[in-house]
Amino acid sequence: MSTTSPAKVETGTTDWDIQSQTNRAPADIQVVKQGDTFAIFDKFGEIGTTGDCEQGLYHLGTRFLSNWEMLINDRHPLLLNSTMKEDNSSFVVQMTTPELPQTNHDLPQGTLHVFRSMLLDGGAFYEHLRLKNYSRFPIELNIEYRYLADFHDIFEVRGERRAKRGDMLDAEVDSSSVKLAYRGLDEQLRHVCVRFEGEIDTIDSTRCVLKVRLDGGAETTLHATAECRTEKPGHVKKPVSPPRNHAEAVVGWNNRIRETESERTEIFTSNEEFNGWLNRSNADLDMLISDTLYGRYPYAGVPWFATPFGRDGIITAMETLWVRPKLSRGVLSFLAATQATEVDPLAEAEPGKIIHEMRDGEMAALGEVPFRRYYGTVDATPLFVILAGQYYRRTNDREFIELIWHNIRRAVDWIDEYGDVDGDGFVEYESHNDRGLTHQCWKDSNDSIFHSDGRDATGAIAVSEVQGYVYQAKLLAAELAEVMNDPAWANELRSQAGKLKQKFNEAFWVNSIGTYAIALDGDKTPCEVRNSNAGHLLLSGIVDESHAASVAATLTDARAFNGWGIRTISEGEARFNPMSYHNGSVWPHDTAMCAAGLARYGFRDECARVIAGLFDASLFNDLHRLPELFCGFDRLPGHAPTLYPVACSPQAWATGAVFLLLQSILGLTFTPTKPQIQFENPRLPSFLNWVRIRNLRIGDGVVDLAFHSHRRDVGMNVERKEGDVQIVVMG
């Protein structure tokens with residue numbers, strides 16, 4: 001993924017990589033997200049009070065609140081505990097106060113309970129503040145909220161310097177609210193309206209003081225709201241009715257959660273810790289998924305990637321397709337609607353190309369950063385076609401495929417007309433301007449594609465996994481062509497795929513390292529480096545059977561598999577660094593795709609070993625949450641994985657990994673025309689005695705299944721079957 005950094009680094013980052021400006025531990029902050037709004041708090045539930053300049057309330061790519069602070073009688077409360085609710089809907093902070101002077105007596109420390117619950121909904125932040133007096137005496141309190149709004153673009157917060165900014169407008173203050181506003185250079189008006197409920201003593205542009213009187217044993221509740229809005233030039237604003245307060249926002253959250261749960265396939269296992277990983281992944285997906293005009297879309301990650309990314313969204317949808325098919329439909333619909341229609345070198349756009357990244361915010365609107373609509377990715381377009389084919393296999397939804405058929409055709413046309421830069425039959429990338437990404441594959445650090453001696457790969461670069469994606473895309477497009485009554489094109493696509501497979505195995509196979517080159521450079525010289533992308537090749541099916549065992553061995557030997565997951569680059573390679581972003585770290589989604597590839601070629605023991613490693617890693621992470629990536633150091637007995645300091649957590653495709661892993665080990669596939677659910681040689685990892693799958697839908701049917709591990713195999717029971725569904729188990 002791509003963003004910006006306060007200072008460019010020579011190696012190990014993307015051209016627009018986000019780097020942390022603090023050395024804080026991940027547990028020192030909490031991130032809450034809903035839709036296009038997210039907030040970064042410290043552990044006290046405050047913003048901008050602990051030296052972390054990244055904290056804030058963000059909406060549509062802009063930081064609206066840069067300070068949010070609460071004092072009681074001019075004193076900061078003392079922290080008791082702070083936790084995120086299990087479903088990610090709210091952040092709760094429990095505190096007390098130091099000794100507070102009163103008129104007739106002092107209130108001892110630990111006598112007043114301070115309960116703060118914070119959530120987001122509809123572009124607004126809601127705080128519920130409950131105070132309870134555990135003394136026997138009446139007390140008087142001044143509750144002071146302090147707030148500031150700087151309206152900095154997210155890239156500005158992350159370190160990009162601007163020659164000029166827009167104008168802060170005069171604050172509008174009334175008896176219970178204050179409106180802080182900014183008119184940007186893009187002429188958009190951004191404002192935040194901060195409102196309070198309670199007995200207000202004073203209120204101005206930076207602070208509000210509320211009076212509270214509590215008898216002994218009494219409690220009271222106050223409410224605060226910060227509503228973010230953006231008004232576009234010439235845009236007639238539609239009436240918006242956000243929740244009035246925290247209580248209404250909670251109701252909205254609960255309704256949405258119930259709706260998604262009713263549609264979702266449920267998974268239960270014999271291992272409560274594995275269930276914790278599944279439950280956390282479901283909750284994190286619910287938080288990351290946002291409603292768009294075209295359907296629901298998983299934003300890439302929080303805090304800095306809370307926006308649509310093409311590659312990330314597609315892979316997340318693939319990982320979760322078997323349990324959340326509607327999400328894949330939303331992803332396909334969104335990407336079809338934003339597919340490029342013309343050549344634009346600054347945006348790296350070409351007709352038929354699928355978007356890499358979309359950003360709101362002033363700097364993107366003005367072109368100060370290239371990511372308003374940025375198409376600098378070589379893999380999202382074939383992945384789009386793959387997801388469309390897999391979606392049809394899963395759902396038999398011909399009507400939707402017909403709606404996006406022209407987008408699928410245009411994507412395949414892009415592969416052939418624009419993707420093959422030099423006409424050699426492989427799809428390459430080469431940046432069209434000096435502002436975008438140098439490397440436009442998933443390993444998009446500026447040092448991630450190199451030769452065995454450490455030299456940079458240059459020119460029009462053909463990375464290995466993209467050839468696998470193209471191969472798989474053409475085979476699945478052929479299936480769809482037959483569905484759409486175009487057998488001639490289907491035959492042509494299959495012929496092209498067959499030729500590509502042969503040509504690929506001839507050009508990319510490197511016998512001396514026992515696997516495929518990570519890329520061919522502009523001179524068609526192989527980059528002979530052991531890499532995890534070979535697992536993606538297994539998953540695509542492009543690997544010749546004669547090479548499969550060797551590829552599996554290089555993915556799971558001690559140089560590649562560190563006990564937790566598969567390193568992006570194997571130990572011993574020229575640029576191997578376990579602390580790097582892409583040259584030796586472990587990415588859960590990458591490891592899961594490798595495991596799925598191993599399973600596809602029949603290496604179930606190796607797949608189970610990889611699953612066990614990621615499961616063990618989840619046990620050491622807060623809330624069983626796997627981050628975007630972690631360091632690739634060898635696993636030490638009794639120790640946790642080494643965290644990558646600024647990894648996003650949660651990250652969509654890391655969150656989806658557990659579902660792909662379970663599907664892979666069970667050998668689960670779908671045949672829509674029957675409709676049929678197939679399990680090929682199902683296995684269970686050693687830490688699972690049984691797995692139950694409920695509400696698994698295909699077509700108009702639904703089934704509940706149970707798998708039990710036996711000494712030599714896995715048995716399956718059908719616990720419920722409604723509708724015309726065939727279930728096939730192949731040994």
# chains A, B, ... in the order shown; residues from 1 in each chain; ligands from 1

$ residues_around --residues "Val343 (chain A)" --least-positions-apart "5" --cutoff "12 Å" --atoms "only C-alpha atoms" --output "count of residues only"
11

$ residues_around --residues "Gly376 (chain A)" --least-positions-apart "3" --cutoff "7 Å" --atoms "only C-alpha atoms" --output "PyMOL selection string"
chain A and resi 348+356+436-437+440

$ write_last_selection --atoms "C-alpha atoms" --output "JSON list (two decimals), in the first residue's frame"
[["chain", "number", "residue", "atom", "x", "y", "z"],
["A", 348, "GLU", "CA", -1.25, 5.70, -13.84],
["A", 356, "HIS", "CA", -5.12, 0.91, -6.54],
["A", 436, "GLY", "CA", 3.76, 7.35, -8.00],
["A", 437, "LEU", "CA", 4.99, 3.97, -6.82],
["A", 440, "GLN", "CA", 3.44, -1.69, -8.35]]

$ residues_around --residues "region 126-131 of chain A" --least-positions-apart "2" --cutoff "9 Å" --atoms "only C-alpha atoms" --output "ChimeraX atom specification"
/A:112-121,124,133,214,218-227,245-247,249

$ residues_around --residues "region 601-614 of chain A" --least-positions-apart "5" --cutoff "6 Å" --atoms "only C-alpha atoms" --output "PyMOL selection string"
chain A and resi 563-565+595+685

$ write_last_selection --atoms "C-alpha atoms" --output "short mmCIF file (atom, residue, chain, number, x, y, z; two decimals), in the first residue's frame"
data_model
loop_
_atom_site.label_atom_id
_atom_site.label_comp_id
_atom_site.auth_asym_id
_atom_site.auth_seq_id
_atom_site.Cartn_x
_atom_site.Cartn_y
_atom_site.Cartn_z
CA GLY A 563 7.77 -20.91 13.01
CA TRP A 564 5.06 -18.24 12.88
CA GLY A 565 4.64 -17.75 9.15
CA ALA A 595 -0.97 -22.19 2.71
CA PRO A 685 -4.90 -29.12 12.19
#

$ atom_distance --atom1 "CA of Asp544 (chain A)" --atom2 "CA of Val427 (chain A)"
19.2 Å

$ select_by_dssp --residues "region 40-279 of chain A" --states "helix (DSSP H, G or I)" --output "ChimeraX atom specification"
/A:154-157,246-263,272-279

$ write_last_selection --atoms "C-alpha atoms" --output "JSON list (two decimals), in the first residue's frame"
[["chain", "number", "residue", "atom", "x", "y", "z"],
["A", 154, "ILE", "CA", -4.12, 13.04, 6.76],
["A", 155, "PHE", "CA", -0.96, 13.34, 4.64],
["A", 156, "GLU", "CA", -0.14, 16.60, 6.38],
["A", 157, "VAL", "CA", -0.50, 14.89, 9.76],
["A", 246, "HIS", "CA", -24.58, 8.13, 22.43],
["A", 247, "ALA", "CA", -27.61, 5.98, 23.28],
["A", 248, "GLU", "CA", -29.10, 6.30, 19.78],
["A", 249, "ALA", "CA", -25.72, 5.58, 18.22],
["A", 250, "VAL", "CA", -25.45, 2.37, 20.27],
["A", 251, "VAL", "CA", -28.85, 1.26, 18.94],
["A", 252, "GLY", "CA", -27.65, 1.86, 15.37],
["A", 253, "TRP", "CA", -24.49, -0.16, 15.94],
["A", 254, "ASN", "CA", -26.42, -3.06, 17.49],
["A", 255, "ASN", "CA", -28.87, -3.14, 14.57],
["A", 256, "ARG", "CA", -26.05, -3.27, 12.02],
["A", 257, "ILE", "CA", -24.27, -6.03, 13.90],
["A", 258, "ARG", "CA", -27.46, -8.13, 14.10],
["A", 259, "GLU", "CA", -28.02, -7.66, 10.37],
["A", 260, "THR", "CA", -24.53, -8.84, 9.42],
["A", 261, "GLU", "CA", -24.67, -11.76, 11.86],
["A", 262, "SER", "CA", -27.91, -13.03, 10.32],
["A", 263, "GLU", "CA", -26.25, -13.25, 6.89],
["A", 272, "GLU", "CA", -11.77, -21.75, 22.42],
["A", 273, "GLU", "CA", -8.63, -19.82, 21.55],
["A", 274, "PHE", "CA", -9.14, -20.52, 17.87],
["A", 275, "ASN", "CA", -12.75, -19.41, 18.33],
["A", 276, "GLY", "CA", -11.37, -16.20, 19.82],
["A", 277, "TRP", "CA", -9.34, -15.64, 16.65],
["A", 278, "LEU", "CA", -12.42, -16.27, 14.49],
["A", 279, "ASN", "CA", -14.61, -13.96, 16.59]]

$ closest_residue --among "A:Leu538, A:Ala364, A:Leu321, A:Leu684" --to "Leu662 (chain A)" --atoms "only C-alpha atoms"
A:Leu684

$ residues_around --residues "Asp379 (chain A)" --least-positions-apart "2" --cutoff "7 Å" --atoms "only C-alpha atoms" --output "count of residues only"
6

$ closest_residue --among "A:Glu417, A:Asp523, A:Val32, A:Val412" --to "Gly459 (chain A)" --atoms "only C-alpha atoms"
A:Asp523

$ residues_around --residues "Gly701 (chain A)" --least-positions-apart "6" --cutoff "12 Å" --atoms "only C-alpha atoms" --output "PyMOL selection string"
chain A and resi 395+672+674-677+695+720-727

$ atom_distance --atom1 "CA of Val385 (chain A)" --atom2 "CA of Val551 (chain A)"
25.6 Å

$ closest_residue --among "A:Thr316, A:Thr556, A:Gln678, A:Thr568" --to "Leu666 (chain A)" --atoms "only C-alpha atoms"
A:Gln678

$ select_by_dssp --residues "region 54-202 of chain A" --states "strand (DSSP E)" --output "MDAnalysis selection string"
chainID A and resid 56:59 62:65 67:72 78:84 91:96 100:101 106:107 112:121 124:133 139:148 152:153 167:168 172:173 177:183 189:197 199:202

$ atom_distance --atom1 "CA of Phe620 (chain A)" --atom2 "CA of Leu288 (chain A)"
22.2 Å

$ closest_residue --among "A:Ile449, A:Ile267, A:Ile315, A:Ala549" --to "Asp704 (chain A)" --atoms "only C-alpha atoms"
A:Ile267

$ residues_around --residues "Ala336 (chain A)" --least-positions-apart "3" --cutoff "12 Å" --atoms "only C-alpha atoms" --output "PyMOL selection string"
chain A and resi 294-295+310+314+329-333+339-341+351-355+380-381+384-385+387-388+400-401+403-411

$ closest_residue --among "A:Phe91, A:Phe309, A:Tyr299, A:Phe38" --to "Cys228 (chain A)" --atoms "only C-alpha atoms"
A:Phe38
